[in-house]
$ cat input_14.cif   # mmCIF, N, CA and C atoms
data_work
#
loop_
_atom_site.label_atom_id
_atom_site.label_comp_id
_atom_site.auth_asym_id
_atom_site.auth_seq_id
_atom_site.Cartn_x
_atom_site.Cartn_y
_atom_site.Cartn_z
N MET A 1 46.94 11.82 34.90
CA MET A 1 45.64 12.29 34.47
C MET A 1 45.78 13.13 33.21
N ASN A 2 44.89 12.93 32.31
CA ASN A 2 44.84 13.70 31.07
C ASN A 2 43.80 14.81 31.22
N LYS A 3 44.16 15.98 30.76
CA LYS A 3 43.28 17.15 30.89
C LYS A 3 42.99 17.69 29.49
N TYR A 4 41.74 17.52 29.06
CA TYR A 4 41.34 17.90 27.71
C TYR A 4 40.30 19.02 27.76
N HIS A 5 40.48 20.00 26.89
CA HIS A 5 39.49 21.05 26.69
C HIS A 5 38.80 20.75 25.36
N LEU A 6 37.49 20.69 25.37
CA LEU A 6 36.71 20.39 24.17
C LEU A 6 35.98 21.66 23.74
N PHE A 7 36.21 22.07 22.51
CA PHE A 7 35.59 23.27 21.96
C PHE A 7 34.66 22.87 20.83
N VAL A 8 33.43 23.36 20.87
CA VAL A 8 32.48 23.15 19.78
C VAL A 8 32.73 24.26 18.76
N ILE A 9 33.16 23.86 17.58
CA ILE A 9 33.51 24.82 16.53
C ILE A 9 32.30 25.06 15.65
N ASN A 10 32.02 26.32 15.35
CA ASN A 10 30.84 26.62 14.52
C ASN A 10 31.07 26.17 13.07
N ASN A 11 30.00 26.08 12.31
CA ASN A 11 30.06 25.52 10.95
C ASN A 11 31.04 26.27 10.04
N GLU A 12 30.97 27.60 10.07
CA GLU A 12 31.83 28.39 9.19
C GLU A 12 33.31 28.20 9.52
N ALA A 13 33.64 28.27 10.80
CA ALA A 13 35.04 28.08 11.21
C ALA A 13 35.50 26.65 10.94
N TYR A 14 34.61 25.69 11.11
CA TYR A 14 34.96 24.29 10.84
C TYR A 14 35.37 24.12 9.37
N LYS A 15 34.63 24.73 8.46
CA LYS A 15 34.96 24.63 7.03
C LYS A 15 36.34 25.23 6.76
N ILE A 16 36.65 26.31 7.43
CA ILE A 16 37.93 26.99 7.22
C ILE A 16 39.09 26.21 7.83
N TYR A 17 38.90 25.71 9.06
CA TYR A 17 40.01 25.15 9.83
C TYR A 17 40.08 23.63 9.86
N LYS A 18 39.14 22.94 9.26
CA LYS A 18 39.15 21.47 9.30
C LYS A 18 40.49 20.92 8.83
N ASN A 19 41.03 21.46 7.77
CA ASN A 19 42.31 20.98 7.24
C ASN A 19 43.48 21.89 7.61
N HIS A 20 43.23 22.82 8.51
CA HIS A 20 44.27 23.74 9.00
C HIS A 20 44.17 23.82 10.53
N THR A 21 44.14 22.67 11.14
CA THR A 21 43.91 22.59 12.58
C THR A 21 44.99 23.29 13.38
N ASP A 22 46.21 23.30 12.86
CA ASP A 22 47.30 23.95 13.59
C ASP A 22 47.04 25.44 13.78
N TYR A 23 46.43 26.10 12.79
CA TYR A 23 46.09 27.52 12.93
C TYR A 23 45.00 27.73 14.00
N LEU A 24 44.01 26.87 13.96
CA LEU A 24 42.93 26.97 14.96
C LEU A 24 43.48 26.73 16.35
N TYR A 25 44.35 25.74 16.49
CA TYR A 25 44.97 25.48 17.78
C TYR A 25 45.71 26.71 18.29
N LYS A 26 46.47 27.35 17.43
CA LYS A 26 47.24 28.53 17.84
C LYS A 26 46.33 29.68 18.28
N ILE A 27 45.21 29.83 17.60
CA ILE A 27 44.24 30.87 17.98
C ILE A 27 43.68 30.56 19.37
N LEU A 28 43.25 29.33 19.58
CA LEU A 28 42.66 28.96 20.88
C LEU A 28 43.70 28.97 21.99
N LEU A 29 44.94 28.62 21.67
CA LEU A 29 46.02 28.71 22.65
C LEU A 29 46.24 30.16 23.06
N THR A 30 46.22 31.07 22.10
CA THR A 30 46.36 32.50 22.39
C THR A 30 45.22 32.97 23.28
N LEU A 31 44.00 32.54 22.97
CA LEU A 31 42.86 32.92 23.81
C LEU A 31 43.00 32.35 25.22
N PHE A 32 43.50 31.13 25.33
CA PHE A 32 43.68 30.46 26.62
C PHE A 32 44.64 31.23 27.53
N HIS A 33 45.66 31.85 26.92
CA HIS A 33 46.68 32.59 27.68
C HIS A 33 46.50 34.11 27.61
N MET A 34 45.36 34.56 27.13
CA MET A 34 45.13 35.97 26.91
C MET A 34 45.13 36.77 28.21
N LYS A 35 45.68 37.97 28.14
CA LYS A 35 45.69 38.88 29.29
C LYS A 35 44.29 39.45 29.50
N ILE A 36 43.97 39.76 30.72
CA ILE A 36 42.64 40.24 31.09
C ILE A 36 42.26 41.51 30.33
N GLU A 37 43.23 42.36 30.05
CA GLU A 37 42.90 43.62 29.36
C GLU A 37 42.53 43.39 27.89
N ASP A 38 42.80 42.20 27.37
CA ASP A 38 42.45 41.88 25.98
C ASP A 38 41.18 41.03 25.87
N PHE A 39 40.48 40.85 26.97
CA PHE A 39 39.32 39.96 26.97
C PHE A 39 38.22 40.36 26.00
N ASP A 40 37.97 41.64 25.81
CA ASP A 40 36.91 42.06 24.88
C ASP A 40 37.20 41.52 23.48
N TYR A 41 38.43 41.70 23.03
CA TYR A 41 38.83 41.18 21.73
C TYR A 41 38.76 39.65 21.73
N GLY A 42 39.23 39.04 22.79
CA GLY A 42 39.23 37.58 22.90
C GLY A 42 37.84 36.99 22.82
N ILE A 43 36.89 37.62 23.48
CA ILE A 43 35.51 37.12 23.46
C ILE A 43 34.94 37.23 22.06
N LYS A 44 35.22 38.32 21.37
CA LYS A 44 34.73 38.47 20.00
C LYS A 44 35.33 37.39 19.10
N LEU A 45 36.62 37.19 19.21
CA LEU A 45 37.30 36.18 18.40
C LEU A 45 36.76 34.78 18.72
N TYR A 46 36.61 34.49 20.01
CA TYR A 46 36.05 33.20 20.42
C TYR A 46 34.66 33.00 19.82
N ASN A 47 33.80 34.01 19.89
CA ASN A 47 32.44 33.90 19.36
C ASN A 47 32.41 33.73 17.85
N ASP A 48 33.44 34.20 17.15
CA ASP A 48 33.53 34.01 15.71
C ASP A 48 33.89 32.57 15.35
N ILE A 49 34.49 31.86 16.28
CA ILE A 49 35.00 30.51 16.01
C ILE A 49 34.15 29.42 16.65
N CYS A 50 33.72 29.64 17.86
CA CYS A 50 33.09 28.57 18.65
C CYS A 50 31.59 28.79 18.82
N SER A 51 30.91 27.69 19.04
CA SER A 51 29.48 27.71 19.39
C SER A 51 29.36 27.43 20.88
N PRO A 52 28.35 27.99 21.52
CA PRO A 52 28.18 27.73 22.95
C PRO A 52 27.80 26.26 23.21
N VAL A 53 28.24 25.78 24.35
CA VAL A 53 27.93 24.43 24.80
C VAL A 53 26.61 24.48 25.57
N SER A 54 25.77 23.52 25.34
CA SER A 54 24.50 23.43 26.06
C SER A 54 24.74 22.78 27.42
N VAL A 55 25.01 23.61 28.40
CA VAL A 55 25.38 23.13 29.74
C VAL A 55 24.25 22.30 30.35
N LYS A 56 23.05 22.83 30.31
CA LYS A 56 21.91 22.14 30.94
C LYS A 56 21.66 20.77 30.28
N LEU A 57 21.66 20.74 28.97
CA LEU A 57 21.41 19.49 28.25
C LEU A 57 22.44 18.42 28.60
N LEU A 58 23.72 18.77 28.52
CA LEU A 58 24.76 17.79 28.81
C LEU A 58 24.79 17.38 30.28
N THR A 59 24.63 18.34 31.16
CA THR A 59 24.62 18.02 32.59
C THR A 59 23.47 17.08 32.92
N ASN A 60 22.29 17.40 32.43
CA ASN A 60 21.14 16.52 32.68
C ASN A 60 21.36 15.12 32.11
N TYR A 61 21.97 15.04 30.94
CA TYR A 61 22.24 13.75 30.32
C TYR A 61 23.17 12.91 31.22
N PHE A 62 24.27 13.50 31.66
CA PHE A 62 25.22 12.75 32.48
C PHE A 62 24.63 12.35 33.82
N VAL A 63 23.88 13.25 34.43
CA VAL A 63 23.27 12.95 35.72
C VAL A 63 22.24 11.83 35.59
N SER A 64 21.51 11.81 34.49
CA SER A 64 20.47 10.78 34.31
C SER A 64 21.03 9.44 33.85
N ARG A 65 22.18 9.43 33.18
CA ARG A 65 22.71 8.20 32.60
C ARG A 65 23.83 7.54 33.39
N PHE A 66 24.49 8.31 34.25
CA PHE A 66 25.66 7.80 34.97
C PHE A 66 25.49 8.04 36.46
N ASN A 67 26.23 7.28 37.21
CA ASN A 67 26.32 7.52 38.65
C ASN A 67 27.29 8.69 38.83
N THR A 68 26.75 9.87 39.13
CA THR A 68 27.57 11.08 39.21
C THR A 68 27.54 11.68 40.61
N LYS A 69 28.60 12.41 40.88
CA LYS A 69 28.67 13.21 42.10
C LYS A 69 29.08 14.61 41.67
N LYS A 70 28.47 15.61 42.29
CA LYS A 70 28.80 16.99 41.96
C LYS A 70 29.80 17.55 42.97
N TYR A 71 30.84 18.19 42.45
CA TYR A 71 31.84 18.89 43.25
C TYR A 71 32.01 20.27 42.64
N ASN A 72 31.53 21.28 43.34
CA ASN A 72 31.56 22.64 42.82
C ASN A 72 30.95 22.66 41.42
N ASN A 73 31.71 23.03 40.41
CA ASN A 73 31.19 23.06 39.04
C ASN A 73 31.53 21.81 38.25
N TYR A 74 31.98 20.78 38.91
CA TYR A 74 32.42 19.55 38.26
C TYR A 74 31.45 18.41 38.51
N LEU A 75 31.40 17.50 37.55
CA LEU A 75 30.68 16.24 37.73
C LEU A 75 31.71 15.13 37.74
N TYR A 76 31.65 14.29 38.75
CA TYR A 76 32.52 13.11 38.81
C TYR A 76 31.69 11.93 38.32
N ILE A 77 32.16 11.28 37.27
CA ILE A 77 31.46 10.13 36.70
C ILE A 77 32.07 8.89 37.34
N ASP A 78 31.34 8.30 38.26
CA ASP A 78 31.87 7.19 39.06
C ASP A 78 32.25 5.99 38.20
N ASN A 79 31.46 5.68 37.18
CA ASN A 79 31.71 4.50 36.35
C ASN A 79 33.05 4.59 35.62
N THR A 80 33.42 5.77 35.19
CA THR A 80 34.61 5.94 34.36
C THR A 80 35.78 6.61 35.08
N LYS A 81 35.53 7.13 36.27
CA LYS A 81 36.52 7.88 37.05
C LYS A 81 36.92 9.19 36.37
N ASP A 82 36.02 9.70 35.52
CA ASP A 82 36.27 10.96 34.82
C ASP A 82 35.65 12.12 35.58
N LEU A 83 36.26 13.26 35.43
CA LEU A 83 35.77 14.49 36.02
C LEU A 83 35.52 15.45 34.87
N ILE A 84 34.32 16.04 34.81
CA ILE A 84 34.01 16.98 33.73
C ILE A 84 33.46 18.29 34.29
N ARG A 85 33.81 19.35 33.61
CA ARG A 85 33.22 20.66 33.89
C ARG A 85 32.64 21.16 32.57
N ILE A 86 31.35 21.35 32.57
CA ILE A 86 30.67 21.79 31.36
C ILE A 86 30.32 23.26 31.54
N SER A 87 30.89 24.10 30.70
CA SER A 87 30.60 25.52 30.75
C SER A 87 30.15 25.96 29.36
N PRO A 88 29.56 27.13 29.25
CA PRO A 88 29.11 27.58 27.92
C PRO A 88 30.25 27.72 26.91
N SER A 89 31.47 27.96 27.37
CA SER A 89 32.58 28.18 26.45
C SER A 89 33.28 26.89 26.02
N ASN A 90 33.33 25.90 26.89
CA ASN A 90 34.00 24.64 26.55
C ASN A 90 33.69 23.58 27.60
N ILE A 91 34.18 22.40 27.31
CA ILE A 91 34.04 21.27 28.25
C ILE A 91 35.44 20.90 28.68
N LEU A 92 35.64 20.75 29.96
CA LEU A 92 36.92 20.28 30.48
C LEU A 92 36.73 18.84 30.91
N LEU A 93 37.55 17.95 30.39
CA LEU A 93 37.49 16.53 30.74
C LEU A 93 38.83 16.15 31.35
N ILE A 94 38.79 15.72 32.60
CA ILE A 94 39.98 15.23 33.28
C ILE A 94 39.77 13.73 33.47
N THR A 95 40.65 12.95 32.88
CA THR A 95 40.42 11.51 32.83
C THR A 95 41.72 10.73 32.96
N PRO A 96 41.68 9.59 33.63
CA PRO A 96 42.85 8.73 33.67
C PRO A 96 43.01 7.92 32.38
N ASN A 97 41.97 7.93 31.57
CA ASN A 97 41.93 7.10 30.38
C ASN A 97 41.95 7.96 29.12
N ARG A 98 42.94 7.80 28.29
CA ARG A 98 43.02 8.58 27.05
C ARG A 98 41.91 8.24 26.07
N ASN A 99 41.27 7.13 26.25
CA ASN A 99 40.18 6.70 25.38
C ASN A 99 38.87 6.68 26.14
N SER A 100 38.61 7.71 26.88
CA SER A 100 37.40 7.78 27.69
C SER A 100 36.15 7.58 26.84
N ILE A 101 35.23 6.79 27.35
CA ILE A 101 33.95 6.56 26.68
C ILE A 101 33.17 7.88 26.53
N LEU A 102 33.47 8.84 27.37
CA LEU A 102 32.78 10.13 27.28
C LEU A 102 33.05 10.83 25.96
N PHE A 103 34.19 10.55 25.33
CA PHE A 103 34.46 11.12 24.02
C PHE A 103 33.37 10.74 23.01
N LYS A 104 32.92 9.50 23.09
CA LYS A 104 31.86 9.06 22.17
C LYS A 104 30.57 9.84 22.40
N ILE A 105 30.27 10.09 23.66
CA ILE A 105 29.06 10.85 23.98
C ILE A 105 29.18 12.28 23.46
N PHE A 106 30.33 12.89 23.66
CA PHE A 106 30.51 14.25 23.17
C PHE A 106 30.47 14.30 21.64
N ASN A 107 30.95 13.26 20.98
CA ASN A 107 30.89 13.22 19.52
C ASN A 107 29.46 13.07 19.01
N ILE A 108 28.62 12.40 19.77
CA ILE A 108 27.20 12.32 19.41
C ILE A 108 26.57 13.70 19.59
N TYR A 109 26.96 14.39 20.65
CA TYR A 109 26.43 15.74 20.91
C TYR A 109 26.75 16.69 19.76
N ASN A 110 28.00 16.64 19.26
CA ASN A 110 28.39 17.52 18.16
C ASN A 110 29.58 16.90 17.42
N LYS A 111 29.54 16.91 16.12
CA LYS A 111 30.59 16.31 15.28
C LYS A 111 31.74 17.26 14.99
N LYS A 112 31.66 18.49 15.46
CA LYS A 112 32.70 19.49 15.16
C LYS A 112 33.39 19.95 16.44
N ILE A 113 33.95 19.01 17.16
CA ILE A 113 34.60 19.33 18.43
C ILE A 113 36.11 19.19 18.27
N LEU A 114 36.82 20.26 18.62
CA LEU A 114 38.27 20.21 18.66
C LEU A 114 38.68 19.95 20.11
N VAL A 115 39.50 18.93 20.31
CA VAL A 115 39.97 18.55 21.63
C VAL A 115 41.42 19.04 21.76
N ILE A 116 41.69 19.75 22.85
CA ILE A 116 43.03 20.30 23.05
C ILE A 116 43.54 19.92 24.43
N ASP A 117 44.76 19.42 24.45
CA ASP A 117 45.51 19.20 25.68
C ASP A 117 46.55 20.31 25.73
N PHE A 118 46.23 21.42 26.40
CA PHE A 118 47.12 22.57 26.44
C PHE A 118 48.43 22.25 27.17
N ASN A 119 48.39 21.34 28.14
CA ASN A 119 49.60 21.01 28.90
C ASN A 119 50.66 20.32 28.03
N ASN A 120 50.22 19.56 27.05
CA ASN A 120 51.14 18.80 26.20
C ASN A 120 51.16 19.27 24.75
N ASN A 121 50.50 20.40 24.47
CA ASN A 121 50.45 20.96 23.12
C ASN A 121 49.98 19.94 22.08
N LYS A 122 48.92 19.22 22.43
CA LYS A 122 48.34 18.24 21.51
C LYS A 122 46.90 18.62 21.24
N TYR A 123 46.45 18.29 20.04
CA TYR A 123 45.07 18.62 19.66
C TYR A 123 44.63 17.67 18.55
N PHE A 124 43.32 17.48 18.46
CA PHE A 124 42.77 16.61 17.42
C PHE A 124 41.27 16.88 17.30
N TRP A 125 40.75 16.57 16.11
CA TRP A 125 39.31 16.62 15.90
C TRP A 125 38.73 15.34 16.49
N LEU A 126 37.79 15.49 17.38
CA LEU A 126 37.20 14.32 18.04
C LEU A 126 36.62 13.35 17.01
N ASN A 127 35.97 13.87 16.01
CA ASN A 127 35.34 13.01 15.00
C ASN A 127 36.37 12.16 14.24
N ASP A 128 37.61 12.64 14.13
CA ASP A 128 38.67 11.91 13.41
C ASP A 128 39.18 10.69 14.16
N ILE A 129 39.12 10.73 15.49
CA ILE A 129 39.68 9.63 16.28
C ILE A 129 38.64 8.73 16.93
N ILE A 130 37.38 9.07 16.76
CA ILE A 130 36.32 8.39 17.50
C ILE A 130 36.26 6.90 17.21
N ASN A 131 36.59 6.47 16.02
CA ASN A 131 36.55 5.05 15.69
C ASN A 131 37.64 4.25 16.39
N ASN A 132 38.65 4.92 16.90
CA ASN A 132 39.74 4.25 17.62
C ASN A 132 39.45 4.09 19.12
N ILE A 133 38.34 4.63 19.56
CA ILE A 133 37.99 4.57 20.99
C ILE A 133 37.06 3.41 21.23
#
$ encode --input "input_14.cif" --output "structure tokens"
Amino acid sequence: MNKYHLFVINNEAYKIYKNHTDYLYKILLTLFHMKIEDFDYGIKLYNDICSPVSVKLLTNYFVSRFNTKKYNNYLYIDNTKDLIRISPSNILLITPNRNSILFKIFNIYNKKILVIDFNNNKYFWLNDIINNI
């Protein structure tokens, strides 16, 4: 299973980091592993870089368009065998398929999404790879 974190990057940060993705990855990796006592700083830094995800909009879209099942805070998409958790800070996509059709939907939602696989230290701009899916 592939585990991807999708971050919606705000316009200003996108202009800065579009061609310096490795720096942005390192910042988000640091936030991902941040100690609880540093959360105030982490939240400020996150808010400077990322835009909030519209949880209600995306959840309603998936529920209305796909055969879904809810498990705690997750949606299981029966058609694709994908599991997603949509939170205001990011989207977690757990999928058996590296080319999940859900990537196309997320790219329609926003063109400035950085996808990170923290387990394998891989990252990419969703908009850059969307034509290969």
$ resolve_selection --input "input_14.cif" --expression "the PyMOL selection byres (((chain A and resi 77-87 and name CA) around 8) and name CA)" --output "list in words"
Val53, Ser54, Val55, Leu58, Thr59, Phe62, Phe66, Asn67, Thr68, Lys69, Asn73, Tyr74, Leu75, Tyr76, Pro88, Ser89, Asn90, Ile91, Leu92, Leu93, Ile94, Thr95, Pro96, Ser100 and Ile101 of chain A
$ atom_distance --input "input_14.cif" --atom1 "atom N of Met34 in chain A" --atom2 "atom C of Asn72 in chain A"
23.5 Å
$ residues_around --input "input_14.cif" --residues "Leu45 in chain A" --least-positions-apart "3" --cutoff "12 Å" --atoms "only C-alpha atoms" --output "PyMOL selection string"
chain A and resi 13+24+27-28+30-32+34+38-42+48-51
$ resolve_selection --input "input_14.cif" --expression "the PyMOL selection byres (((chain A and resi 132 and name CA) around 12) and name CA)" --output "ChimeraX atom specification"
/A:98-101,103-104,126-131,133
$ write_last_selection --input "input_14.cif" --atoms "N, CA and C atoms" --output "PDB file, in the frame of the given file"
ATOM      1  N   ARG A  98      42.940   7.800  28.290  1.00  0.00           N
ATOM      2  CA  ARG A  98      43.020   8.580  27.050  1.00  0.00           C
ATOM      3  C   ARG A  98      41.910   8.240  26.070  1.00  0.00           C
ATOM      4  N   ASN A  99      41.270   7.130  26.250  1.00  0.00           N
ATOM      5  CA  ASN A  99      40.180   6.700  25.380  1.00  0.00           C
ATOM      6  C   ASN A  99      38.870   6.680  26.140  1.00  0.00           C
ATOM      7  N   SER A 100      38.610   7.710  26.880  1.00  0.00           N
ATOM      8  CA  SER A 100      37.400   7.780  27.690  1.00  0.00           C
ATOM      9  C   SER A 100      36.150   7.580  26.840  1.00  0.00           C
ATOM     10  N   ILE A 101      35.230   6.790  27.350  1.00  0.00           N
ATOM     11  CA  ILE A 101      33.950   6.560  26.680  1.00  0.00           C
ATOM     12  C   ILE A 101      33.170   7.880  26.530  1.00  0.00           C
ATOM     13  N   PHE A 103      34.190  10.550  25.330  1.00  0.00           N
ATOM     14  CA  PHE A 103      34.460  11.120  24.020  1.00  0.00           C
ATOM     15  C   PHE A 103      33.370  10.740  23.010  1.00  0.00           C
ATOM     16  N   LYS A 104      32.920   9.500  23.090  1.00  0.00           N
ATOM     17  CA  LYS A 104      31.860   9.060  22.170  1.00  0.00           C
ATOM     18  C   LYS A 104      30.570   9.840  22.400  1.00  0.00           C
ATOM     19  N   LEU A 126      37.790  15.490  17.380  1.00  0.00           N
ATOM     20  CA  LEU A 126      37.200  14.320  18.040  1.00  0.00           C
ATOM     21  C   LEU A 126      36.620  13.350  17.010  1.00  0.00           C
ATOM     22  N   ASN A 127      35.970  13.870  16.010  1.00  0.00           N
ATOM     23  CA  ASN A 127      35.340  13.010  15.000  1.00  0.00           C
ATOM     24  C   ASN A 127      36.370  12.160  14.240  1.00  0.00           C
ATOM     25  N   ASP A 128      37.610  12.640  14.130  1.00  0.00           N
ATOM     26  CA  ASP A 128      38.670  11.910  13.410  1.00  0.00           C
ATOM     27  C   ASP A 128      39.180  10.690  14.160  1.00  0.00           C
ATOM     28  N   ILE A 129      39.120  10.730  15.490  1.00  0.00           N
ATOM     29  CA  ILE A 129      39.680   9.630  16.280  1.00  0.00           C
ATOM     30  C   ILE A 129      38.640   8.730  16.930  1.00  0.00           C
ATOM     31  N   ILE A 130      37.380   9.070  16.760  1.00  0.00           N
ATOM     32  CA  ILE A 130      36.320   8.390  17.500  1.00  0.00           C
ATOM     33  C   ILE A 130      36.260   6.900  17.210  1.00  0.00           C
ATOM     34  N   ASN A 131      36.590   6.470  16.020  1.00  0.00           N
ATOM     35  CA  ASN A 131      36.550   5.050  15.690  1.00  0.00           C
ATOM     36  C   ASN A 131      37.640   4.250  16.390  1.00  0.00           C
ATOM     37  N   ILE A 133      38.340   4.630  19.560  1.00  0.00           N
ATOM     38  CA  ILE A 133      37.990   4.570  20.990  1.00  0.00           C
ATOM     39  C   ILE A 133      37.060   3.410  21.230  1.00  0.00           C
TER      40      ILE A 133
END
$ atom_distance --input "input_14.cif" --atom1 "CA of Asn121 in chain A" --atom2 "CA of Lys70 in chain A"
29.0 Å
$ atom_distance --input "input_14.cif" --atom1 "CA of Tyr4 in chain A" --atom2 "atom C of Asp117 in chain A"
6.1 Å
$ residues_around --input "input_14.cif" --residues "Tyr14 in chain A" --least-positions-apart "4" --cutoff "7 Å" --atoms "all atoms listed in the file" --output "NGL selection string"
:A and (9-10 or 18-19 or 49 or 112)
$ select_by_dssp --input "input_14.cif" --residues "chain A" --states "strand (DSSP E or B)" --output "short mmCIF file (atom, residue, chain, number, x, y, z; two decimals) with N, CA and C atoms, keeping the file's coordinate frame"
data_model
loop_
_atom_site.label_atom_id
_atom_site.label_comp_id
_atom_site.auth_asym_id
_atom_site.auth_seq_id
_atom_site.Cartn_x
_atom_site.Cartn_y
_atom_site.Cartn_z
N ASN A 2 44.89 12.93 32.31
CA ASN A 2 44.84 13.70 31.07
C ASN A 2 43.80 14.81 31.22
N LYS A 3 44.16 15.98 30.76
CA LYS A 3 43.28 17.15 30.89
C LYS A 3 42.99 17.69 29.49
N TYR A 4 41.74 17.52 29.06
CA TYR A 4 41.34 17.90 27.71
C TYR A 4 40.30 19.02 27.76
N HIS A 5 40.48 20.00 26.89
CA HIS A 5 39.49 21.05 26.69
C HIS A 5 38.80 20.75 25.36
N LEU A 6 37.49 20.69 25.37
CA LEU A 6 36.71 20.39 24.17
C LEU A 6 35.98 21.66 23.74
N PHE A 7 36.21 22.07 22.51
CA PHE A 7 35.59 23.27 21.96
C PHE A 7 34.66 22.87 20.83
N VAL A 8 33.43 23.36 20.87
CA VAL A 8 32.48 23.15 19.78
C VAL A 8 32.73 24.26 18.76
N ILE A 9 33.16 23.86 17.58
CA ILE A 9 33.51 24.82 16.53
C ILE A 9 32.30 25.06 15.65
N CYS A 50 33.72 29.64 17.86
CA CYS A 50 33.09 28.57 18.65
C CYS A 50 31.59 28.79 18.82
N THR A 68 26.75 9.87 39.13
CA THR A 68 27.57 11.08 39.21
C THR A 68 27.54 11.68 40.61
N LYS A 69 28.60 12.41 40.88
CA LYS A 69 28.67 13.21 42.10
C LYS A 69 29.08 14.61 41.67
N LYS A 70 28.47 15.61 42.29
CA LYS A 70 28.80 16.99 41.96
C LYS A 70 29.80 17.55 42.97
N TYR A 71 30.84 18.19 42.45
CA TYR A 71 31.84 18.89 43.25
C TYR A 71 32.01 20.27 42.64
N TYR A 74 31.98 20.78 38.91
CA TYR A 74 32.42 19.55 38.26
C TYR A 74 31.45 18.41 38.51
N LEU A 75 31.40 17.50 37.55
CA LEU A 75 30.68 16.24 37.73
C LEU A 75 31.71 15.13 37.74
N TYR A 76 31.65 14.29 38.75
CA TYR A 76 32.52 13.11 38.81
C TYR A 76 31.69 11.93 38.32
N ILE A 77 32.16 11.28 37.27
CA ILE A 77 31.46 10.13 36.70
C ILE A 77 32.07 8.89 37.34
N ASP A 82 36.02 9.70 35.52
CA ASP A 82 36.27 10.96 34.82
C ASP A 82 35.65 12.12 35.58
N LEU A 83 36.26 13.26 35.43
CA LEU A 83 35.77 14.49 36.02
C LEU A 83 35.52 15.45 34.87
N ILE A 84 34.32 16.04 34.81
CA ILE A 84 34.01 16.98 33.73
C ILE A 84 33.46 18.29 34.29
N ARG A 85 33.81 19.35 33.61
CA ARG A 85 33.22 20.66 33.89
C ARG A 85 32.64 21.16 32.57
N ILE A 86 31.35 21.35 32.57
CA ILE A 86 30.67 21.79 31.36
C ILE A 86 30.32 23.26 31.54
N ILE A 91 34.18 22.40 27.31
CA ILE A 91 34.04 21.27 28.25
C ILE A 91 35.44 20.90 28.68
N LEU A 92 35.64 20.75 29.96
CA LEU A 92 36.92 20.28 30.48
C LEU A 92 36.73 18.84 30.91
N LEU A 93 37.55 17.95 30.39
CA LEU A 93 37.49 16.53 30.74
C LEU A 93 38.83 16.15 31.35
N ILE A 94 38.79 15.72 32.60
CA ILE A 94 39.98 15.23 33.28
C ILE A 94 39.77 13.73 33.47
N THR A 95 40.65 12.95 32.88
CA THR A 95 40.42 11.51 32.83
C THR A 95 41.72 10.73 32.96
N ILE A 113 33.95 19.01 17.16
CA ILE A 113 34.60 19.33 18.43
C ILE A 113 36.11 19.19 18.27
N LEU A 114 36.82 20.26 18.62
CA LEU A 114 38.27 20.21 18.66
C LEU A 114 38.68 19.95 20.11
N VAL A 115 39.50 18.93 20.31
CA VAL A 115 39.97 18.55 21.63
C VAL A 115 41.42 19.04 21.76
N ILE A 116 41.69 19.75 22.85
CA ILE A 116 43.03 20.30 23.05
C ILE A 116 43.54 19.92 24.43
N ASP A 117 44.76 19.42 24.45
CA ASP A 117 45.51 19.20 25.68
C ASP A 117 46.55 20.31 25.73
N LYS A 122 48.92 19.22 22.43
CA LYS A 122 48.34 18.24 21.51
C LYS A 122 46.90 18.62 21.24
N TYR A 123 46.45 18.29 20.04
CA TYR A 123 45.07 18.62 19.66
C TYR A 123 44.63 17.67 18.55
N PHE A 124 43.32 17.48 18.46
CA PHE A 124 42.77 16.61 17.42
C PHE A 124 41.27 16.88 17.30
N TRP A 125 40.75 16.57 16.11
CA TRP A 125 39.31 16.62 15.90
C TRP A 125 38.73 15.34 16.49
#
$ select_by_dssp --input "input_14.cif" --residues "range 21-118 of chain A" --states "helix (DSSP H, G or I)" --output "PyMOL selection string"
chain A and resi 21-32+36-49+55-65+102-109
$ axis_aligned_box --input "input_14.cif" --around "range 5-9 of chain A" --padding-each-side "6 Å" --output "lines of an AutoDock Vina configuration file"
center_x = 36.4
center_y = 22.5
center_z = 21.3
size_x = 20.2
size_y = 17.1
size_z = 23.2
$ residues_around --input "input_14.cif" --residues "Lys122 in chain A" --least-positions-apart "2" --cutoff "12 Å" --atoms "only C-alpha atoms" --output "PyMOL selection string"
chain A and resi 2-5+21-22+25-26+29+114-120+124-125
